[in-house]
$ cat protein-v1.txt   # compact mmCIF, C-alpha atoms
# COMPACT_ATOMS: atom_id res chain seq x y z
CA MET A 1 -19.55 1.71 32.32
CA PRO A 2 -18.58 0.40 28.85
CA ARG A 3 -15.08 1.19 27.76
CA VAL A 4 -14.82 3.44 24.71
CA ALA A 5 -11.97 3.82 22.22
CA ALA A 6 -12.10 6.63 19.65
CA LEU A 7 -9.83 7.65 16.77
CA VAL A 8 -10.08 10.86 14.75
CA LEU A 9 -8.83 11.49 11.21
CA SER A 10 -8.95 14.46 8.87
CA VAL A 11 -10.75 14.39 5.53
CA ILE A 12 -9.82 16.86 2.77
CA VAL A 13 -11.37 17.75 -0.56
CA ALA A 14 -8.67 19.77 -2.37
CA GLY A 15 -9.84 22.98 -4.01
CA ALA A 16 -9.91 22.57 -7.75
CA LEU A 17 -13.61 23.28 -7.87
CA LEU A 18 -13.00 25.67 -10.77
CA ALA A 19 -10.79 23.38 -12.70
CA VAL A 20 29.19 2.51 4.27
CA PRO A 21 29.82 4.07 7.71
CA THR A 22 32.83 6.10 8.89
CA ALA A 23 34.66 4.52 11.86
CA ARG A 24 34.47 6.35 15.17
CA SER A 25 35.52 5.58 18.72
CA ALA A 26 33.06 4.12 21.21
CA SER A 27 30.86 6.65 23.01
CA PRO A 28 32.57 7.45 26.32
CA ASP A 29 29.36 8.19 28.22
CA ILE A 30 25.77 8.53 26.94
CA VAL A 31 24.51 5.75 24.64
CA VAL A 32 21.15 4.34 23.61
CA GLY A 33 20.43 1.32 25.79
CA GLN A 34 17.06 0.28 24.37
CA VAL A 35 14.71 1.22 21.51
CA TYR A 36 11.08 0.05 21.58
CA ALA A 37 8.80 0.96 18.65
CA GLY A 38 5.67 -1.14 19.21
CA GLY A 39 3.94 1.06 21.79
CA GLY A 40 0.15 0.59 21.69
CA ASN A 41 0.21 -1.67 18.63
CA SER A 42 -1.80 -4.89 18.55
CA GLY A 43 -0.25 -7.27 21.11
CA ALA A 44 2.14 -4.58 22.39
CA SER A 45 4.06 -5.11 25.62
CA PHE A 46 3.88 -1.40 26.48
CA ALA A 47 1.47 1.39 25.61
CA ASN A 48 4.16 3.82 24.41
CA ASP A 49 7.28 3.75 22.29
CA PHE A 50 10.41 4.55 24.28
CA VAL A 51 14.15 5.15 24.09
CA GLU A 52 16.26 4.30 27.12
CA LEU A 53 19.61 6.09 27.52
CA PHE A 54 22.50 4.83 29.62
CA ASN A 55 25.60 6.57 31.01
CA ARG A 56 28.38 4.03 30.56
CA GLY A 57 31.01 6.53 31.74
CA SER A 58 32.40 7.40 35.17
CA ALA A 59 31.06 10.97 35.55
CA ALA A 60 27.62 12.58 35.54
CA ILE A 61 26.62 14.12 32.18
CA ASP A 62 24.37 17.19 31.99
CA VAL A 63 21.99 16.59 29.08
CA SER A 64 20.14 19.90 29.35
CA GLY A 65 19.80 21.24 25.82
CA TRP A 66 20.42 17.78 24.30
CA THR A 67 17.79 15.98 22.19
CA ILE A 68 16.75 12.50 21.18
CA GLN A 69 16.07 12.64 17.43
CA TYR A 70 14.32 10.15 15.14
CA ALA A 71 14.07 9.76 11.37
CA SER A 72 12.47 7.08 9.23
CA ALA A 73 14.54 4.27 7.74
CA GLY A 74 15.59 6.22 4.65
CA GLY A 75 14.57 9.73 5.69
CA THR A 76 16.57 12.85 6.49
CA THR A 77 13.81 14.73 8.32
CA TRP A 78 14.33 14.33 12.06
CA GLN A 79 11.87 14.76 14.94
CA ALA A 80 13.44 15.95 18.21
CA THR A 81 12.53 15.39 21.87
CA ALA A 82 14.20 17.71 24.38
CA LEU A 83 16.17 16.32 27.34
CA SER A 84 16.94 17.99 30.67
CA GLY A 85 18.84 17.35 33.89
CA SER A 86 21.83 15.06 34.22
CA ILE A 87 22.50 11.33 34.03
CA ALA A 88 24.71 9.93 36.76
CA PRO A 89 27.31 7.25 35.88
CA GLY A 90 25.74 3.82 35.55
CA ARG A 91 22.23 5.30 35.51
CA ARG A 92 19.38 5.10 32.99
CA TYR A 93 17.22 7.87 31.49
CA LEU A 94 13.80 6.95 30.09
CA VAL A 95 12.29 8.94 27.19
CA GLN A 96 8.59 8.16 26.65
CA LEU A 97 7.35 8.65 23.08
CA ALA A 98 4.09 8.19 21.14
CA SER A 99 1.42 5.52 21.46
CA ALA A 100 -0.53 3.82 18.67
CA GLY A 101 -3.43 2.87 20.94
CA ALA A 102 -4.58 1.68 24.35
CA VAL A 103 -2.68 -1.62 24.26
CA GLY A 104 0.13 -2.64 26.61
CA ALA A 105 1.33 -1.74 30.08
CA PRO A 106 2.17 1.85 31.08
CA LEU A 107 5.86 2.76 31.20
CA PRO A 108 7.64 3.57 34.45
CA THR A 109 7.72 7.29 35.23
CA PRO A 110 9.65 8.80 32.30
CA ASP A 111 12.53 11.27 32.66
CA ALA A 112 11.47 13.03 29.44
CA THR A 113 8.47 12.79 27.11
CA GLY A 114 7.89 13.39 23.42
CA THR A 115 5.35 12.68 20.69
CA THR A 116 7.56 10.95 18.13
CA ASN A 117 6.08 7.75 16.67
CA LEU A 118 8.79 5.14 15.97
CA ALA A 119 8.31 2.72 13.07
CA VAL A 120 8.58 -0.99 13.92
CA SER A 121 9.97 -1.88 10.49
CA GLY A 122 12.99 0.42 10.71
CA GLY A 123 14.30 3.84 11.65
CA LYS A 124 17.18 5.82 13.10
CA VAL A 125 17.57 7.14 16.66
CA ALA A 126 20.32 9.64 17.49
CA VAL A 127 21.48 11.17 20.77
CA VAL A 128 22.37 14.75 19.85
CA ARG A 129 24.28 17.20 22.05
CA ASP A 130 22.15 20.17 20.94
CA SER A 131 18.63 20.93 19.68
CA THR A 132 19.49 21.50 16.01
CA ALA A 133 17.58 19.07 13.80
CA LEU A 134 19.85 16.69 11.90
CA THR A 135 19.78 16.53 8.09
CA CYS A 136 21.86 13.37 7.62
CA GLY A 137 20.72 9.76 7.31
CA ALA A 138 20.36 9.11 3.57
CA SER A 139 23.44 6.88 3.44
CA ALA A 140 25.50 4.72 5.77
CA GLY A 141 27.95 6.73 7.88
CA SER A 142 26.42 10.14 7.15
CA CYS A 143 25.22 10.76 10.72
CA SER A 144 28.30 9.25 12.39
CA ALA A 145 30.32 12.07 10.82
CA VAL A 146 28.24 14.78 12.55
CA ALA A 147 30.14 16.14 15.56
CA SER A 148 27.01 16.77 17.67
CA VAL A 149 25.88 13.12 17.45
CA ALA A 150 26.80 11.35 20.69
CA ASP A 151 25.33 8.00 19.63
CA LEU A 152 23.38 6.56 16.68
CA VAL A 153 21.26 3.44 16.32
CA GLY A 154 19.85 2.31 12.98
CA TYR A 155 17.49 -0.66 13.14
CA GLY A 156 15.47 -2.78 10.73
CA ALA A 157 15.45 -1.25 7.24
CA ALA A 158 17.54 1.81 8.25
CA VAL A 159 20.03 2.94 5.60
CA ASP A 160 22.28 4.74 8.13
CA TYR A 161 23.81 3.06 11.17
CA GLU A 162 27.06 2.47 13.05
CA GLY A 163 29.28 -0.34 11.77
CA GLY A 164 28.54 -2.71 8.93
CA GLY A 165 24.75 -2.89 9.28
CA PRO A 166 21.72 -1.93 11.34
CA ALA A 167 20.30 -3.68 14.37
CA GLY A 168 17.47 -6.09 13.57
CA ALA A 169 13.84 -5.19 12.90
CA LEU A 170 11.48 -4.90 15.88
CA ASP A 171 7.89 -5.91 16.62
CA SER A 172 5.25 -5.29 19.29
CA THR A 173 7.00 -7.47 21.88
CA THR A 174 10.70 -6.89 21.17
CA ALA A 175 13.12 -4.01 21.63
CA ALA A 176 16.61 -3.36 20.33
CA VAL A 177 18.64 -4.02 23.51
CA ARG A 178 22.30 -3.02 23.90
CA GLY A 179 24.49 -5.88 25.15
CA GLY A 180 26.37 -5.94 28.44
CA ASP A 181 23.40 -4.35 30.23
CA GLY A 182 24.12 -1.17 28.24
CA CYS A 183 27.91 -1.28 28.48
CA ALA A 184 28.72 -2.87 25.10
CA ASP A 185 29.75 -0.30 22.48
CA THR A 186 31.85 -1.34 19.49
CA ASP A 187 30.16 1.23 17.25
CA ALA A 188 28.54 -1.59 15.30
CA ASN A 189 24.76 -1.59 15.71
CA ALA A 190 24.32 -5.14 14.39
CA THR A 191 26.84 -6.41 16.99
CA ASP A 192 26.00 -4.19 19.96
CA PHE A 193 22.21 -4.71 19.79
CA SER A 194 19.98 -7.75 19.75
CA ALA A 195 16.21 -8.19 19.80
CA GLY A 196 15.04 -8.79 23.35
CA VAL A 197 12.15 -8.40 25.76
CA PRO A 198 11.59 -4.67 26.36
CA ALA A 199 12.41 -3.67 29.95
CA PRO A 200 12.15 0.14 30.29
CA ARG A 201 14.14 1.65 33.18
CA ASN A 202 14.29 5.23 34.40
CA SER A 203 16.74 7.24 36.50
CA SER A 204 15.57 5.44 39.67
CA SER A 205 16.85 2.08 38.42
CA ALA A 206 19.84 0.38 39.99
CA VAL A 207 23.35 1.53 39.10
CA VAL A 208 25.31 -0.60 36.63
CA THR A 209 29.10 -0.21 36.51
CA CYS A 210 30.80 -0.92 33.19
CA GLY A 211 34.21 -2.58 33.22
CA GLY A 212 34.16 -3.21 36.98
CA GLU A 213 35.52 -6.12 38.95
CA PRO A 214 33.81 -9.51 38.42
CA PRO A 215 31.23 -10.44 41.07
CA PRO A 216 32.37 -12.56 44.01
CA PRO A 217 31.82 -16.35 43.87
CA GLY A 218 28.59 -17.78 45.22
CA GLY A 219 25.31 -15.91 45.10
CA VAL A 220 22.67 -14.07 47.05
CA SER A 221 18.89 -14.25 46.89
CA GLN A 222 16.00 -11.92 47.59
CA SER A 223 12.27 -12.48 47.15
CA ALA A 224 9.70 -10.09 45.73
CA ALA A 225 5.92 -10.22 45.72
CA VAL A 226 4.39 -10.57 42.24
CA ASP A 227 0.90 -9.51 41.16
CA VAL A 228 -0.80 -8.57 37.92
CA ASP A 229 -3.95 -6.62 37.05
CA ILE A 230 -5.54 -7.84 33.83
CA GLN A 231 -7.03 -4.84 32.04
CA PRO A 232 -9.79 -4.70 29.45
CA VAL A 233 -8.48 -4.07 25.95
CA LEU A 234 -10.25 -1.84 23.42
CA SER A 235 -8.35 0.01 20.70
CA ILE A 236 -8.79 1.29 17.15
CA ALA A 237 -6.28 1.63 14.32
CA LEU A 238 -7.01 3.27 10.98
CA GLU A 239 -5.63 2.44 7.55
CA ARG A 240 -5.03 6.17 6.91
CA ALA A 241 -4.43 9.03 9.34
CA SER A 242 -5.73 11.48 6.74
CA VAL A 243 -8.04 10.92 3.79
CA SER A 244 -7.90 13.13 0.70
CA PHE A 245 -10.23 13.00 -2.30
CA GLY A 246 -7.84 15.19 -4.29
CA ASN A 247 -9.08 17.64 -6.88
CA THR A 248 -12.68 17.59 -8.08
CA THR A 249 -15.37 19.89 -9.50
CA SER A 250 -18.92 20.86 -8.63
CA GLY A 251 -21.36 18.26 -9.93
CA ALA A 252 -18.79 15.45 -9.79
CA THR A 253 -18.86 12.47 -7.43
CA PRO A 254 -15.31 11.53 -6.38
CA ALA A 255 -14.47 7.83 -6.22
CA PRO A 256 -14.67 6.29 -2.71
CA VAL A 257 -11.47 6.00 -0.67
CA SER A 258 -10.70 2.93 1.47
CA GLU A 259 -10.39 3.47 5.24
CA ARG A 260 -10.12 0.05 6.91
CA VAL A 261 -10.76 0.20 10.66
CA THR A 262 -9.07 -2.40 12.90
CA VAL A 263 -10.61 -2.95 16.35
CA VAL A 264 -8.87 -5.00 19.07
CA SER A 265 -11.14 -5.96 21.97
CA ASN A 266 -11.14 -8.58 24.71
CA HIS A 267 -14.68 -7.72 25.85
CA ALA A 268 -16.55 -11.03 26.11
CA GLY A 269 -19.79 -9.45 24.92
CA GLY A 270 -18.19 -7.88 21.86
CA TYR A 271 -18.38 -4.22 20.88
CA ALA A 272 -20.16 -1.70 18.65
CA LEU A 273 -18.36 0.45 16.06
CA THR A 274 -19.86 3.85 15.20
CA VAL A 275 -18.91 7.00 13.29
CA HIS A 276 -19.75 10.71 13.24
CA ARG A 277 -18.15 13.82 11.74
CA THR A 278 -17.91 17.56 11.79
CA ALA A 279 -19.31 19.72 9.02
CA PHE A 280 -17.00 20.60 6.14
CA LEU A 281 -15.81 24.18 6.17
CA PRO A 282 -16.33 26.67 4.58
CA ALA A 283 -19.47 24.82 3.39
CA ASP A 284 -20.70 21.31 4.09
CA LEU A 285 -20.42 18.45 1.58
CA PRO A 286 -22.47 15.20 1.49
CA LEU A 287 -19.92 12.78 2.94
CA GLY A 288 -20.98 9.16 3.42
CA ILE A 289 -19.61 5.73 4.28
CA ALA A 290 -20.06 2.14 3.09
CA GLY A 291 -18.55 -1.02 4.49
CA THR A 292 -18.53 -4.74 5.12
CA ALA A 293 -18.19 -6.58 8.42
CA PRO A 294 -15.35 -8.92 9.41
CA SER A 295 -15.92 -12.58 10.23
CA GLY A 296 -18.15 -12.74 13.30
CA GLY A 297 -19.39 -9.15 12.87
CA THR A 298 -22.78 -7.81 11.81
CA ILE A 299 -22.98 -4.75 9.55
CA GLY A 300 -25.28 -1.91 10.65
CA GLY A 301 -28.72 -1.69 9.06
CA SER A 302 -27.96 1.54 7.19
CA LEU A 303 -24.96 -0.10 5.48
CA ALA A 304 -26.60 -3.46 4.70
CA GLY A 305 -26.33 -4.69 1.15
CA GLY A 306 -23.39 -2.44 0.33
CA ALA A 307 -25.36 0.78 0.82
CA THR A 308 -23.60 4.11 1.34
CA ALA A 309 -25.06 6.07 4.26
CA ALA A 310 -24.60 9.74 5.13
CA ILE A 311 -22.30 10.28 8.11
CA PRO A 312 -24.13 12.30 10.78
CA ILE A 313 -22.72 15.58 12.08
CA ALA A 314 -22.23 15.79 15.85
CA PRO A 315 -24.13 16.25 18.12
CA ALA A 316 -26.52 14.05 16.14
CA PRO A 317 -26.33 10.36 17.17
CA ASP A 318 -23.54 8.31 15.62
CA LEU A 319 -24.12 6.05 12.62
CA LEU A 320 -23.77 2.37 13.58
CA ILE A 321 -21.18 0.68 11.35
CA GLY A 322 -21.61 -2.70 13.00
CA THR A 323 -21.44 -4.92 16.08
CA THR A 324 -19.85 -8.13 17.34
CA ALA A 325 -20.94 -10.51 20.08
CA ALA A 326 -17.53 -11.86 21.13
CA GLN A 327 -13.89 -10.91 21.52
CA SER A 328 -12.03 -9.77 18.42
CA ALA A 329 -9.47 -11.87 16.61
CA PRO A 330 -6.04 -11.73 18.33
CA THR A 331 -4.75 -9.35 15.66
CA GLY A 332 -8.01 -7.37 15.59
CA ASP A 333 -11.19 -7.27 13.50
CA VAL A 334 -10.83 -5.38 10.20
CA TRP A 335 -13.94 -3.43 9.13
CA ASP A 336 -13.55 -2.70 5.42
CA THR A 337 -15.09 0.79 5.25
CA ARG A 338 -15.01 3.18 2.30
CA LEU A 339 -15.53 6.94 2.50
CA GLY A 340 -17.39 8.58 -0.37
CA PHE A 341 -20.16 11.01 -1.22
CA VAL A 342 -23.88 10.18 -1.17
CA SER A 343 -24.58 12.73 -3.91
CA PRO A 344 -22.58 14.89 -6.35
CA ILE A 345 -20.50 17.79 -5.05
CA PRO A 346 -22.84 20.80 -4.84
CA VAL A 347 -22.11 24.17 -6.42
CA VAL A 348 -19.78 25.84 -3.93
CA THR A 349 -17.00 28.39 -4.03
CA ALA A 350 -13.64 27.06 -5.17
CA GLY A 351 -11.26 26.24 -2.34
CA ARG A 352 -10.14 23.61 0.16
CA TYR A 353 -12.90 21.94 2.18
CA ALA A 354 -12.01 19.98 5.33
CA ALA A 355 -13.76 18.05 8.10
CA THR A 356 -12.89 15.43 10.71
CA ILE A 357 -14.36 11.94 11.16
CA THR A 358 -14.42 10.11 14.49
CA PHE A 359 -14.72 6.32 14.71
CA THR A 360 -15.71 5.02 18.14
CA ALA A 361 -15.64 1.45 19.53
CA ILE A 362 -17.81 0.78 22.59
CA GLY A 363 -17.34 -2.37 24.65
CA ARG A 364 -20.53 -4.34 25.34
$ encode --input "protein-v1.txt" --output "structure tokens"
Amino acid sequence: MPRVAALVLSVIVAGALLAVPTARSASPDIVVGQVYAGGGNSGASFANDFVELFNRGSAAIDVSGWTIQYASAGGTTWQATALSGSIAPGRRYLVQLASAGAVGAPLPTPDATGTTNLAVSGGKVAVVRDSTALTCGASAGSCSAVASVADLVGYGAAVDYEGGGPAGALDSTTAAVRGGDGCADTDANATDFSAGVPAPRNSSSAVVTCGGEPPPPGGVSQSAAVDVDIQPVLSIALERASVSFGNTTSGATPAPVSERVTVVSNHAGGYALTVHRTAFLPADLPLGIAGTAPSGGTIGGSLAGGATAAIPIAPAPDLLIGTTAAQSAPTGDVWDTRLGFVSPIPVVTAGRYAATITFTAIGR
């Protein structure tokens, strides 16, 4: 059976149819051990973003009612993921977050899950001892002064962080990794973290003791069997998660809006890219699409020569945008599509009109 990847976005026609950080002591127990923000991206190591917590203290900590919170690099609006249970000393706690697509290996069984999507270029992750959303983060040191914040990591372009600067920027194959196997904590993100290979661990992982006795001289060895299952890859990423044509009037034809579609596929026979939509509500509008194919791709017959074709409404068959006959480029094939209208906006009642569009890639 061919593998299928689909991505849905919303399309809106708006209704104008009438007309420097504060010093603090090192966290005694729960800290962020790893931050990975490339989940599901092109070339990603893992299919989901994740935050790994670590108890560097000597007693179990009950995190019921605590949250992991995230805000963008310069933002003050935080998204929270609830935690539960307790973290034993020297143990990990894996929080699985959002995925950008079907790329990368699955995470180990998470201890908590959320839907937050971490930005690779920069952001802020806080361990908070309650569920109240933070409002800090617009300047360095603002979140470190909040009593409920157990630990804070700013990375990449983040404007708030511990110490003199943020940890480095991340990509699809690197995570911000705390030094000393999670034990290092000088309250300086740039010092405590370095970019490393992501290695998510959950509460079943081996215990690590911070500040213990050095290991005995000599060494021990143990062997492990190694195998790998190579999976087919097929994913879609859109230029915009939501497309808006703004305000318009009956009889007008709004200018087209770009919606580049990136397809990553390792199918030797290539793939087909199609599109369909739902009807606009409260009344349908004549939405269409135009586009050009990437190198190695063939544009669909209805879109040849730069034509704009009406997007069919399910359950009618999808409109073929184009096909390929080989694997995509390593970073994906970019189909330069443009959403527009095949005829002027009809006379309809003033208001907000909305529909959804679904792009589908089918391995061949």
$ atom_distance --input "protein-v1.txt" --atom1 "atom CA of A:Gln222" --atom2 "atom CA of A:Ala206"
15.0 Å
$ closest_residue --input "protein-v1.txt" --among "A:Asp160, A:Asp181, A:Asp62, A:Asp336" --to "A:Ala138" --atoms "all atoms listed in the file"
A:Asp160
$ residues_around --input "protein-v1.txt" --residues "A:Pro28" --least-positions-apart "4" --cutoff "12 Å" --atoms "all atoms listed in the file" --output "ChimeraX atom specification"
/A:24,54-61,89,150-151,183-187,210
$ residues_around --input "protein-v1.txt" --residues "stretch 103-114 of chain A" --least-positions-apart "6" --cutoff "7 Å" --atoms "only C-alpha atoms" --output "short mmCIF file (atom, residue, chain, number, x, y, z; two decimals) with C-alpha atoms, in the coordinates of the input"
data_model
loop_
_atom_site.label_atom_id
_atom_site.label_comp_id
_atom_site.auth_asym_id
_atom_site.auth_seq_id
_atom_site.Cartn_x
_atom_site.Cartn_y
_atom_site.Cartn_z
CA GLY A 40 0.15 0.59 21.69
CA ASN A 41 0.21 -1.67 18.63
CA SER A 42 -1.80 -4.89 18.55
CA GLY A 43 -0.25 -7.27 21.11
CA ALA A 44 2.14 -4.58 22.39
CA SER A 45 4.06 -5.11 25.62
CA PHE A 46 3.88 -1.40 26.48
CA ALA A 47 1.47 1.39 25.61
CA THR A 81 12.53 15.39 21.87
CA LEU A 83 16.17 16.32 27.34
CA TYR A 93 17.22 7.87 31.49
CA LEU A 94 13.80 6.95 30.09
CA VAL A 95 12.29 8.94 27.19
CA GLN A 96 8.59 8.16 26.65
CA LEU A 97 7.35 8.65 23.08
CA PRO A 200 12.15 0.14 30.29
CA ARG A 201 14.14 1.65 33.18
CA ASN A 202 14.29 5.23 34.40
CA SER A 203 16.74 7.24 36.50
CA VAL A 233 -8.48 -4.07 25.95
CA SER A 235 -8.35 0.01 20.70
#
$ closest_residue --input "protein-v1.txt" --among "A:Phe245, A:Tyr161, A:Phe359, A:Phe50" --to "A:Leu319" --atoms "all atoms listed in the file"
A:Phe359
$ atom_distance --input "protein-v1.txt" --atom1 "atom CA of A:Ala325" --atom2 "atom CA of A:Thr274"
15.2 Å
$ atom_distance --input "protein-v1.txt" --atom1 "atom CA of A:Ala354" --atom2 "atom CA of A:Leu281"
5.7 Å
$ residues_around --input "protein-v1.txt" --residues "A:Val63" --least-positions-apart "3" --cutoff "9 Å" --atoms "all atoms listed in the file" --output "number ranges by chain"
A: 66-67, 83-87, 129-130
$ closest_residue --input "protein-v1.txt" --among "A:Ala283, A:Leu303, A:Val257, A:Ala237" --to "A:Gly332" --atoms "all atoms listed in the file"
A:Ala237
$ residues_near_point --input "protein-v1.txt" --point "(5.2, 6.0, 8.4)" --cutoff "10 Å" --atoms "all atoms listed in the file" --output "CSV table (one decimal) with C-alpha atoms, keeping the file's coordinate frame"
chain,number,residue,atom,x,y,z
A,72,SER,CA,12.5,7.1,9.2
A,73,ALA,CA,14.5,4.3,7.7
A,117,ASN,CA,6.1,7.8,16.7
A,118,LEU,CA,8.8,5.1,16.0
A,119,ALA,CA,8.3,2.7,13.1
A,120,VAL,CA,8.6,-1.0,13.9
A,121,SER,CA,10.0,-1.9,10.5
A,122,GLY,CA,13.0,0.4,10.7
A,123,GLY,CA,14.3,3.8,11.6
$ residues_near_point --input "protein-v1.txt" --point "(-19.3, 17.1, -7.0)" --cutoff "10 Å" --atoms "all atoms listed in the file" --output "JSON, numbers by chain"
{"A": [17, 248, 249, 250, 251, 252, 253, 254, 285, 286, 341, 343, 344, 345, 346, 347, 348]}
$ residues_around --input "protein-v1.txt" --residues "A:Val342" --least-positions-apart "4" --cutoff "9 Å" --atoms "all atoms listed in the file" --output "PyMOL selection string"
chain A and resi 253+286-289+308-310
$ closest_residue --input "protein-v1.txt" --among "A:Ser258, A:Ser27, A:Thr115, A:Ser265" --to "A:Ile236" --atoms "all atoms listed in the file"
A:Ser265
$ closest_residue --input "protein-v1.txt" --among "A:Ile68, A:Ala158, A:Val264, A:Val177" --to "A:Pro330" --atoms "all atoms listed in the file"
A:Val264
$ decode --input "protein-v1.txt" --residues "stretch 51-58 of chain A" --atoms "all heavy atoms" --output "tab-separated table (two decimals), in the first residue's frame"
chain	number	residue	atom	x	y	z
A	51	VAL	N	11.56	17.61	25.96
A	51	VAL	CA	12.33	18.18	27.06
A	51	VAL	C	12.59	17.05	28.05
A	51	VAL	O	11.65	16.35	28.44
A	51	VAL	CB	11.59	19.33	27.76
A	51	VAL	CG1	12.35	19.79	29.00
A	51	VAL	CG2	11.38	20.50	26.81
A	52	GLU	N	13.85	16.85	28.41
A	52	GLU	CA	14.19	15.83	29.39
A	52	GLU	C	14.55	16.52	30.71
A	52	GLU	O	15.39	17.42	30.73
A	52	GLU	CB	15.37	15.00	28.90
A	52	GLU	CG	15.82	13.92	29.87
A	52	GLU	CD	17.14	13.31	29.47
A	52	GLU	OE1	17.15	12.47	28.54
A	52	GLU	OE2	18.17	13.69	30.08
A	53	LEU	N	13.88	16.12	31.80
A	53	LEU	CA	14.18	16.65	33.12
A	53	LEU	C	15.10	15.68	33.84
A	53	LEU	O	15.15	14.49	33.53
A	53	LEU	CB	12.90	16.84	33.92
A	53	LEU	CG	11.83	17.74	33.31
A	53	LEU	CD1	10.63	17.86	34.25
A	53	LEU	CD2	12.39	19.11	32.97
A	54	PHE	N	15.82	16.21	34.85
A	54	PHE	CA	16.72	15.37	35.63
A	54	PHE	C	16.69	15.83	37.08
A	54	PHE	O	16.69	17.03	37.36
A	54	PHE	CB	18.15	15.49	35.07
A	54	PHE	CG	19.18	14.74	35.87
A	54	PHE	CD1	19.14	13.36	35.96
A	54	PHE	CD2	20.19	15.42	36.54
A	54	PHE	CE1	20.09	12.67	36.69
A	54	PHE	CE2	21.15	14.72	37.27
A	54	PHE	CZ	21.09	13.35	37.35
A	55	ASN	N	16.64	14.86	38.00
A	55	ASN	CA	16.69	15.17	39.44
A	55	ASN	C	18.12	15.01	39.90
A	55	ASN	O	18.62	13.91	40.11
A	55	ASN	CB	15.76	14.23	40.22
A	55	ASN	CG	15.72	14.59	41.70
A	55	ASN	OD1	16.45	15.46	42.18
A	55	ASN	ND2	14.85	13.93	42.45
A	56	ARG	N	18.81	16.16	40.05
A	56	ARG	CA	20.21	16.14	40.46
A	56	ARG	C	20.36	16.14	41.98
A	56	ARG	O	21.48	16.17	42.51
A	56	ARG	CB	20.96	17.34	39.88
A	56	ARG	CG	20.44	18.69	40.32
A	56	ARG	CD	21.04	19.84	39.49
A	56	ARG	NE	22.46	19.94	39.64
A	56	ARG	CZ	23.06	20.65	40.60
A	56	ARG	NH1	22.34	21.30	41.51
A	56	ARG	NH2	24.36	20.71	40.67
A	57	GLY	N	19.23	16.07	42.70
A	57	GLY	CA	19.27	16.08	44.16
A	57	GLY	C	19.36	14.69	44.74
A	57	GLY	O	19.59	13.69	44.05
A	58	SER	N	19.13	14.61	46.07
A	58	SER	CA	19.28	13.33	46.79
A	58	SER	C	17.95	12.79	47.30
A	58	SER	O	17.93	11.79	48.02
A	58	SER	CB	20.24	13.53	47.97
A	58	SER	OG	19.76	14.54	48.85
